[in-house]
>>> print(open('model.pdb').read())   # PDB, C-alpha atoms and all ligand atoms
MODEL        1
ATOM      1  CA  MET A  32     -12.558  -6.016   1.694  1.00  0.00           C
ATOM      2  CA  ARG A  33     -11.454  -2.380   1.882  1.00  0.00           C
ATOM      3  CA  ARG A  34      -7.702  -2.004   2.229  1.00  0.00           C
ATOM      4  CA  GLY A  35      -6.027   1.340   2.716  1.00  0.00           C
ATOM      5  CA  LEU A  36      -2.439   2.475   2.405  1.00  0.00           C
ATOM      6  CA  CYS A  37      -0.937   5.101   4.681  1.00  0.00           C
ATOM      7  CA  PRO A  38       2.401   6.139   3.134  1.00  0.00           C
ATOM      8  CA  GLY A  39       5.210   8.284   4.457  1.00  0.00           C
ATOM      9  CA  THR A  40       8.887   8.528   5.260  1.00  0.00           C
ATOM     10  CA  PHE A  41       8.321   8.280   9.026  1.00  0.00           C
ATOM     11  CA  ASP A  42      11.854   9.368   9.954  1.00  0.00           C
ATOM     12  CA  PRO A  43      10.927   8.752  12.720  1.00  0.00           C
ATOM     13  CA  MET A  44       7.264   8.088  13.402  1.00  0.00           C
ATOM     14  CA  THR A  45       5.692  10.849  15.529  1.00  0.00           C
ATOM     15  CA  SER A  46       2.643  10.863  17.812  1.00  0.00           C
ATOM     16  CA  GLY A  47       0.885  12.722  14.983  1.00  0.00           C
ATOM     17  CA  HIS A  48       1.519   9.823  12.566  1.00  0.00           C
ATOM     18  CA  LEU A  49       0.299   7.355  15.162  1.00  0.00           C
ATOM     19  CA  ASP A  50      -2.857   9.399  15.735  1.00  0.00           C
ATOM     20  CA  ILE A  51      -3.689   9.337  12.007  1.00  0.00           C
ATOM     21  CA  ILE A  52      -3.086   5.560  11.812  1.00  0.00           C
ATOM     22  CA  GLU A  53      -5.203   4.933  14.916  1.00  0.00           C
ATOM     23  CA  ARG A  54      -8.068   6.988  13.470  1.00  0.00           C
ATOM     24  CA  ALA A  55      -7.817   5.459   9.973  1.00  0.00           C
ATOM     25  CA  ALA A  56      -7.600   1.796  11.044  1.00  0.00           C
ATOM     26  CA  PRO A  57     -11.222   1.465  12.298  1.00  0.00           C
ATOM     27  CA  LEU A  58     -12.527   2.924   9.012  1.00  0.00           C
ATOM     28  CA  LEU A  59     -10.950   0.129   6.964  1.00  0.00           C
ATOM     29  CA  ASP A  60     -10.771  -3.651   6.955  1.00  0.00           C
ATOM     30  CA  GLU A  61      -7.016  -3.485   6.655  1.00  0.00           C
ATOM     31  CA  LEU A  62      -4.481  -0.691   6.699  1.00  0.00           C
ATOM     32  CA  VAL A  63      -0.974  -1.036   5.328  1.00  0.00           C
ATOM     33  CA  VAL A  64       1.544   1.541   6.523  1.00  0.00           C
ATOM     34  CA  GLY A  65       3.967   2.024   3.622  1.00  0.00           C
ATOM     35  CA  VAL A  66       7.419   3.214   4.630  1.00  0.00           C
ATOM     36  CA  ALA A  67       9.180   4.944   1.743  1.00  0.00           C
ATOM     37  CA  PHE A  68      12.951   4.550   1.463  1.00  0.00           C
ATOM     38  CA  SER A  69      13.111   8.298   0.567  1.00  0.00           C
ATOM     39  CA  PRO A  70      16.922   8.275   0.235  1.00  0.00           C
ATOM     40  CA  ASP A  71      17.035  11.887  -0.993  1.00  0.00           C
ATOM     41  CA  LYS A  72      14.746  13.488   1.559  1.00  0.00           C
ATOM     42  CA  GLY A  73      16.449  16.130   3.710  1.00  0.00           C
ATOM     43  CA  GLY A  74      19.999  14.837   3.175  1.00  0.00           C
ATOM     44  CA  GLY A  75      18.930  11.223   3.707  1.00  0.00           C
ATOM     45  CA  PRO A  76      16.884   9.657   6.495  1.00  0.00           C
ATOM     46  CA  LEU A  77      18.363   9.331   9.996  1.00  0.00           C
ATOM     47  CA  PHE A  78      16.893   5.849  10.463  1.00  0.00           C
ATOM     48  CA  THR A  79      17.255   2.995   7.983  1.00  0.00           C
ATOM     49  CA  VAL A  80      14.034   1.831   6.399  1.00  0.00           C
ATOM     50  CA  ASP A  81      14.150  -1.380   8.467  1.00  0.00           C
ATOM     51  CA  GLU A  82      14.507   0.633  11.669  1.00  0.00           C
ATOM     52  CA  ARG A  83      11.570   2.844  10.683  1.00  0.00           C
ATOM     53  CA  VAL A  84       9.446  -0.223   9.897  1.00  0.00           C
ATOM     54  CA  GLU A  85      10.357  -1.731  13.274  1.00  0.00           C
ATOM     55  CA  LEU A  86       9.485   1.449  15.203  1.00  0.00           C
ATOM     56  CA  ILE A  87       6.069   1.686  13.512  1.00  0.00           C
ATOM     57  CA  THR A  88       5.395  -2.041  13.974  1.00  0.00           C
ATOM     58  CA  GLU A  89       5.968  -1.655  17.708  1.00  0.00           C
ATOM     59  CA  ALA A  90       3.841   1.500  17.930  1.00  0.00           C
ATOM     60  CA  THR A  91       0.916  -0.142  16.113  1.00  0.00           C
ATOM     61  CA  SER A  92       1.067  -3.582  17.755  1.00  0.00           C
ATOM     62  CA  HIS A  93      -2.309  -2.882  19.453  1.00  0.00           C
ATOM     63  CA  LEU A  94      -4.002  -2.440  16.056  1.00  0.00           C
ATOM     64  CA  SER A  95      -4.805  -5.906  14.702  1.00  0.00           C
ATOM     65  CA  ASN A  96      -5.668  -4.776  11.148  1.00  0.00           C
ATOM     66  CA  VAL A  97      -2.505  -2.728  10.610  1.00  0.00           C
ATOM     67  CA  SER A  98       0.632  -4.042   8.915  1.00  0.00           C
ATOM     68  CA  VAL A  99       3.838  -2.204   8.034  1.00  0.00           C
ATOM     69  CA  ARG A 100       5.834  -2.607   4.819  1.00  0.00           C
ATOM     70  CA  PRO A 101       8.743  -0.791   3.178  1.00  0.00           C
ATOM     71  CA  PHE A 102       8.457   0.383  -0.435  1.00  0.00           C
ATOM     72  CA  ASP A 103      10.743   1.892  -3.015  1.00  0.00           C
ATOM     73  CA  ASN A 104       8.498   2.280  -6.060  1.00  0.00           C
ATOM     74  CA  LEU A 105       5.707   4.591  -7.178  1.00  0.00           C
ATOM     75  CA  LEU A 106       3.042   4.912  -4.525  1.00  0.00           C
ATOM     76  CA  VAL A 107       0.212   3.911  -6.879  1.00  0.00           C
ATOM     77  CA  ASP A 108       2.181   0.820  -7.965  1.00  0.00           C
ATOM     78  CA  PHE A 109       2.781  -0.123  -4.356  1.00  0.00           C
ATOM     79  CA  ALA A 110      -0.947   0.401  -3.656  1.00  0.00           C
ATOM     80  CA  HIS A 111      -1.681  -2.208  -6.346  1.00  0.00           C
ATOM     81  CA  GLU A 112       0.973  -4.526  -5.032  1.00  0.00           C
ATOM     82  CA  VAL A 113      -0.707  -4.598  -1.597  1.00  0.00           C
ATOM     83  CA  GLY A 114      -4.268  -4.469  -2.960  1.00  0.00           C
ATOM     84  CA  ALA A 115      -5.084  -1.023  -1.529  1.00  0.00           C
ATOM     85  CA  THR A 116      -7.714   1.158  -3.215  1.00  0.00           C
ATOM     86  CA  VAL A 117      -7.386   4.189  -0.992  1.00  0.00           C
ATOM     87  CA  ILE A 118      -4.378   6.228   0.073  1.00  0.00           C
ATOM     88  CA  ILE A 119      -4.764   7.766   3.524  1.00  0.00           C
ATOM     89  CA  LYS A 120      -2.754  10.871   4.353  1.00  0.00           C
ATOM     90  CA  GLY A 121      -2.667  13.096   7.384  1.00  0.00           C
ATOM     91  CA  LEU A 122      -3.114  16.808   6.744  1.00  0.00           C
ATOM     92  CA  ARG A 123      -1.614  19.358   9.092  1.00  0.00           C
ATOM     93  CA  ALA A 124      -1.569  23.166   8.931  1.00  0.00           C
ATOM     94  CA  VAL A 125      -2.053  24.988   5.624  1.00  0.00           C
ATOM     95  CA  THR A 126       1.610  24.544   4.691  1.00  0.00           C
ATOM     96  CA  ASP A 127       0.961  20.836   3.968  1.00  0.00           C
ATOM     97  CA  PHE A 128      -1.899  21.555   1.659  1.00  0.00           C
ATOM     98  CA  GLU A 129      -0.105  22.557  -1.534  1.00  0.00           C
ATOM     99  CA  ARG A 130       2.319  19.613  -1.480  1.00  0.00           C
ATOM    100  CA  GLU A 131      -0.381  17.114  -0.558  1.00  0.00           C
ATOM    101  CA  PHE A 132      -2.751  18.539  -3.165  1.00  0.00           C
ATOM    102  CA  GLN A 133      -0.032  18.178  -5.814  1.00  0.00           C
ATOM    103  CA  MET A 134       0.765  14.590  -4.803  1.00  0.00           C
ATOM    104  CA  ALA A 135      -2.919  13.629  -4.744  1.00  0.00           C
ATOM    105  CA  GLN A 136      -3.445  15.146  -8.226  1.00  0.00           C
ATOM    106  CA  LEU A 137      -0.387  13.404  -9.660  1.00  0.00           C
ATOM    107  CA  ASN A 138      -1.293  10.079  -8.096  1.00  0.00           C
ATOM    108  CA  TYR A 139      -4.808  10.431  -9.510  1.00  0.00           C
ATOM    109  CA  ARG A 140      -3.337  11.148 -12.924  1.00  0.00           C
ATOM    110  CA  LEU A 141      -1.068   8.121 -12.658  1.00  0.00           C
ATOM    111  CA  ASP A 142      -3.929   5.872 -11.601  1.00  0.00           C
ATOM    112  CA  SER A 143      -7.463   7.149 -11.080  1.00  0.00           C
ATOM    113  CA  ARG A 144      -8.556   3.849  -9.500  1.00  0.00           C
ATOM    114  CA  VAL A 145      -6.653   4.777  -6.351  1.00  0.00           C
ATOM    115  CA  GLU A 146      -8.386   7.500  -4.348  1.00  0.00           C
ATOM    116  CA  THR A 147      -6.589   9.763  -1.855  1.00  0.00           C
ATOM    117  CA  MET A 148      -8.332  10.680   1.380  1.00  0.00           C
ATOM    118  CA  PHE A 149      -7.144  13.015   4.119  1.00  0.00           C
ATOM    119  CA  ILE A 150      -7.540  12.916   7.861  1.00  0.00           C
ATOM    120  CA  MET A 151      -7.019  16.264   9.556  1.00  0.00           C
ATOM    121  CA  ALA A 152      -4.411  16.407  12.281  1.00  0.00           C
ATOM    122  CA  ILE A 153      -5.755  17.284  15.709  1.00  0.00           C
ATOM    123  CA  PRO A 154      -4.659  20.755  16.936  1.00  0.00           C
ATOM    124  CA  GLU A 155      -2.119  19.195  19.336  1.00  0.00           C
ATOM    125  CA  TYR A 156      -0.194  17.713  16.410  1.00  0.00           C
ATOM    126  CA  MET A 157      -0.901  20.373  13.798  1.00  0.00           C
ATOM    127  CA  TYR A 158       2.683  21.675  13.800  1.00  0.00           C
ATOM    128  CA  LEU A 159       4.464  18.433  14.645  1.00  0.00           C
ATOM    129  CA  SER A 160       6.867  16.938  12.105  1.00  0.00           C
ATOM    130  CA  SER A 161       9.617  14.326  12.061  1.00  0.00           C
ATOM    131  CA  SER A 162      12.155  16.971  11.078  1.00  0.00           C
ATOM    132  CA  ALA A 163      11.189  19.215  14.032  1.00  0.00           C
ATOM    133  CA  VAL A 164      11.487  16.211  16.359  1.00  0.00           C
ATOM    134  CA  LYS A 165      14.989  15.433  15.031  1.00  0.00           C
ATOM    135  CA  GLU A 166      16.063  19.043  15.376  1.00  0.00           C
ATOM    136  CA  ILE A 167      14.797  19.286  18.962  1.00  0.00           C
ATOM    137  CA  ALA A 168      16.446  15.966  19.905  1.00  0.00           C
ATOM    138  CA  LEU A 169      19.692  16.908  18.172  1.00  0.00           C
ATOM    139  CA  HIS A 170      19.922  20.027  20.314  1.00  0.00           C
ATOM    140  CA  GLY A 171      19.177  18.162  23.521  1.00  0.00           C
ATOM    141  CA  GLY A 172      15.538  19.239  23.892  1.00  0.00           C
ATOM    142  CA  SER A 173      12.753  17.002  25.175  1.00  0.00           C
ATOM    143  CA  VAL A 174      10.550  15.229  22.629  1.00  0.00           C
ATOM    144  CA  GLN A 175       8.399  13.647  25.328  1.00  0.00           C
ATOM    145  CA  GLY A 176       4.837  13.285  24.019  1.00  0.00           C
ATOM    146  CA  LEU A 177       5.862  14.223  20.484  1.00  0.00           C
ATOM    147  CA  VAL A 178       6.879  10.656  19.630  1.00  0.00           C
ATOM    148  CA  PRO A 179       6.049   7.277  21.239  1.00  0.00           C
ATOM    149  CA  ALA A 180       8.313   6.354  24.189  1.00  0.00           C
ATOM    150  CA  HIS A 181      10.286   3.680  22.308  1.00  0.00           C
ATOM    151  CA  VAL A 182      11.030   6.191  19.554  1.00  0.00           C
ATOM    152  CA  ILE A 183      12.625   8.516  22.151  1.00  0.00           C
ATOM    153  CA  GLU A 184      14.957   5.665  23.095  1.00  0.00           C
ATOM    154  CA  ALA A 185      15.768   4.919  19.472  1.00  0.00           C
ATOM    155  CA  LEU A 186      16.431   8.607  18.788  1.00  0.00           C
ATOM    156  CA  THR A 187      18.740   8.912  21.783  1.00  0.00           C
ATOM    157  CA  ASP A 188      20.713   5.833  20.673  1.00  0.00           C
ATOM    158  CA  LYS A 189      20.854   6.966  17.054  1.00  0.00           C
ATOM    159  CA  LEU A 190      22.092  10.449  17.929  1.00  0.00           C
ATOM    160  CA  LYS A 191      24.771   8.991  20.230  1.00  0.00           C
ATOM    161  CA  GLU A 192      25.826   6.675  17.417  1.00  0.00           C
ATOM    162  CA  SER A 193      26.126   9.521  14.910  1.00  0.00           C
ATOM    163  CA  ARG A 194      28.265  11.732  17.202  1.00  0.00           C
TER     164      ARG A 194
HETATM  165  O1  LIG B   1       6.307  11.530   4.781  1.00  0.00           O
HETATM  166  P1  LIG B   1       6.524  12.119   3.431  1.00  0.00           P
HETATM  167  O2  LIG B   1       8.000  12.237   3.140  1.00  0.00           O
HETATM  168  O3  LIG B   1       5.782  13.402   3.219  1.00  0.00           O
HETATM  169  O4  LIG B   1       5.917  11.073   2.376  1.00  0.00           O
HETATM  170  C1  LIG B   1       6.033  11.321   1.000  1.00  0.00           C
HETATM  171  C2  LIG B   1       5.738  10.049   0.202  1.00  0.00           C
HETATM  172  C3  LIG B   1       6.662   8.928   0.618  1.00  0.00           C
HETATM  173  C4  LIG B   1       4.297   9.648   0.454  1.00  0.00           C
HETATM  174  C5  LIG B   1       5.935  10.413  -1.293  1.00  0.00           C
HETATM  175  O5  LIG B   1       7.205  10.942  -1.483  1.00  0.00           O
HETATM  176  C6  LIG B   1       5.712   9.220  -2.220  1.00  0.00           C
HETATM  177  O6  LIG B   1       4.590   8.875  -2.507  1.00  0.00           O
HETATM  178  N1  LIG B   1       6.829   8.605  -2.672  1.00  0.00           N
HETATM  179  C7  LIG B   1       6.765   7.459  -3.558  1.00  0.00           C
HETATM  180  C8  LIG B   1       7.165   7.845  -4.983  1.00  0.00           C
HETATM  181  C9  LIG B   1       5.972   8.395  -5.738  1.00  0.00           C
HETATM  182  O7  LIG B   1       4.997   7.725  -5.965  1.00  0.00           O
HETATM  183  N2  LIG B   1       6.076   9.689  -6.133  1.00  0.00           N
HETATM  184  C10 LIG B   1       5.030  10.335  -6.875  1.00  0.00           C
HETATM  185  C11 LIG B   1       4.002  10.914  -5.953  1.00  0.00           C
HETATM  186  S1  LIG B   1       3.571  12.474  -6.540  1.00  0.00           S
ENDMDL
END
>>> encode(input="model.pdb", output="structure tokens")
Amino acid sequence: MRRGLCPGTFDPMTSGHLDIIERAAPLLDELVVGVAFSPDKGGGPLFTVDERVELITEATSHLSNVSVRPFDNLLVDFAHEVGATVIIKGLRAVTDFEREFQMAQLNYRLDSRVETMFIMAIPEYMYLSSSAVKEIALHGGSVQGLVPAHVIEALTDKLKESR
């Protein structure tokens, strides 16, 4: 049984995240999407962790070997908790590389039994990020195609709420 863990903040999930999950799932017996609380990231997430879990669960409902769980501990500890031996990350343009390289090295140092593997983003999503999506939506721009349709709805509601 090969179980992988795809971690992130997913605030909110983008089409790029979904693409990585859809490409990783067939390579594994099971894939757990780990949603980090990340309370300190970028002034605090827009969506609660439960909302982010719900949005990803809906987006991945067609993938029978994918489950979604929140976590608030060290990634390698959470990998053990769920029985995952490989961490799957998406890698976008060069700007991601240094941070991802650092995290992979540190995670390896913390626990060398957990391997990190990267899936390259397709060109269409190379420059897509959750923060760009939030910024576009906040200023009234269209995020059509950048996030799944139900995430657009959730974003619209959330931004109304926070006004
Ligand atoms: O989507 P993000 O914000 O780039 O994901 C980063 C995440 C959640 C994968 C990373 O911050 C993480 O692994 N957090 C858990 C705490 C941890 O293990 N930190 C040490 C890793 S170097």
>>> axis_aligned_box(input="model.pdb", around="region 103-114 of chain A", padding_each_side="8 Å", output="AutoDock Vina command-line options")
--center_x 3.2 --center_y 0.2 --center_z -4.8 --size_x 31.0 --size_y 25.5 --size_z 22.4
>>> closest_atom_pairs(input="model.pdb", of="region 37-124 of chain A", to="region 172-176 of chain A", cutoff="12 Å", atoms="only C-alpha atoms", output="CSV")
residue,atom,partner,partner_atom,distance
A:Pro43,CA,A:Val174,CA,11.8
A:Thr45,CA,A:Gly176,CA,8.9
A:Ser46,CA,A:Gly176,CA,7.0
A:Gly47,CA,A:Gly176,CA,9.9
A:Leu49,CA,A:Gly176,CA,11.6
A:Asp50,CA,A:Gly176,CA,12.0
>>> write_last_selection(input="model.pdb", atoms="C-alpha atoms", output="PDB file, in the frame of the given file")
ATOM      1  CA  PRO A  43      10.927   8.752  12.720  1.00  0.00           C
ATOM      2  CA  THR A  45       5.692  10.849  15.529  1.00  0.00           C
ATOM      3  CA  SER A  46       2.643  10.863  17.812  1.00  0.00           C
ATOM      4  CA  GLY A  47       0.885  12.722  14.983  1.00  0.00           C
ATOM      5  CA  LEU A  49       0.299   7.355  15.162  1.00  0.00           C
ATOM      6  CA  ASP A  50      -2.857   9.399  15.735  1.00  0.00           C
TER       7      ASP A  50
END
>>> residues_near_ligand(input="model.pdb", ligand="ligand LIG 1 (chain B)", cutoff="10 Å", atoms="all atoms listed in the file", output="PyMOL selection string")
chain A and resi 37-44+48+65-69+71-73+76+102-110+118-121+127+130-141+160-161
>>> residues_near_point(input="model.pdb", point="(-2.5, 19.7, 8.5)", cutoff="7 Å", atoms="all atoms listed in the file", output="ChimeraX atom specification")
/A:121-125,127,151-152,157
>>> resolve_selection(input="model.pdb", expression="the PyMOL selection byres (((chain A and resi 63) around 10) and not hetatm)", output="list in words")
Arg34, Gly35, Leu36, Cys37, Pro38, Ile52, Ala56, Glu61, Leu62, Val64, Gly65, Val66, Asn96, Val97, Ser98, Val99, Arg100, Pro101, Ala110, Val113, Gly114, Ala115, Ile118 and Ile119 of chain A
>>> closest_residue(input="model.pdb", among="A:Arg194, A:Phe128, A:Pro70, A:Leu58", to="Arg33 (chain A)", atoms="all atoms listed in the file")
A:Leu58
>>> atom_distance(input="model.pdb", atom1="CA of Asp188 (chain A)", atom2="CA of Thr91 (chain A)")
21.2 Å
>>> atom_distance(input="model.pdb", atom1="CA of Met148 (chain A)", atom2="CA of Leu94 (chain A)")
20.2 Å
>>> resolve_selection(input="model.pdb", expression="the PyMOL selection byres (((chain A and resi 86) around 8) and not hetatm)", output="number ranges by chain")
A: 43-44, 82-85, 87-90, 181-182
>>> atom_distance(input="model.pdb", atom1="CA of Phe149 (chain A)", atom2="CA of Asp60 (chain A)")
17.3 Å
>>> closest_residue(input="model.pdb", among="A:Arg144, A:Val117, A:Leu77, A:Ser92", to="Ser162 (chain A)", atoms="all atoms listed in the file")
A:Leu77
>>> residues_near_point(input="model.pdb", point="(21.6, 11.0, 15.6)", cutoff="10 Å", atoms="only C-alpha atoms", output="count of residues only")
16
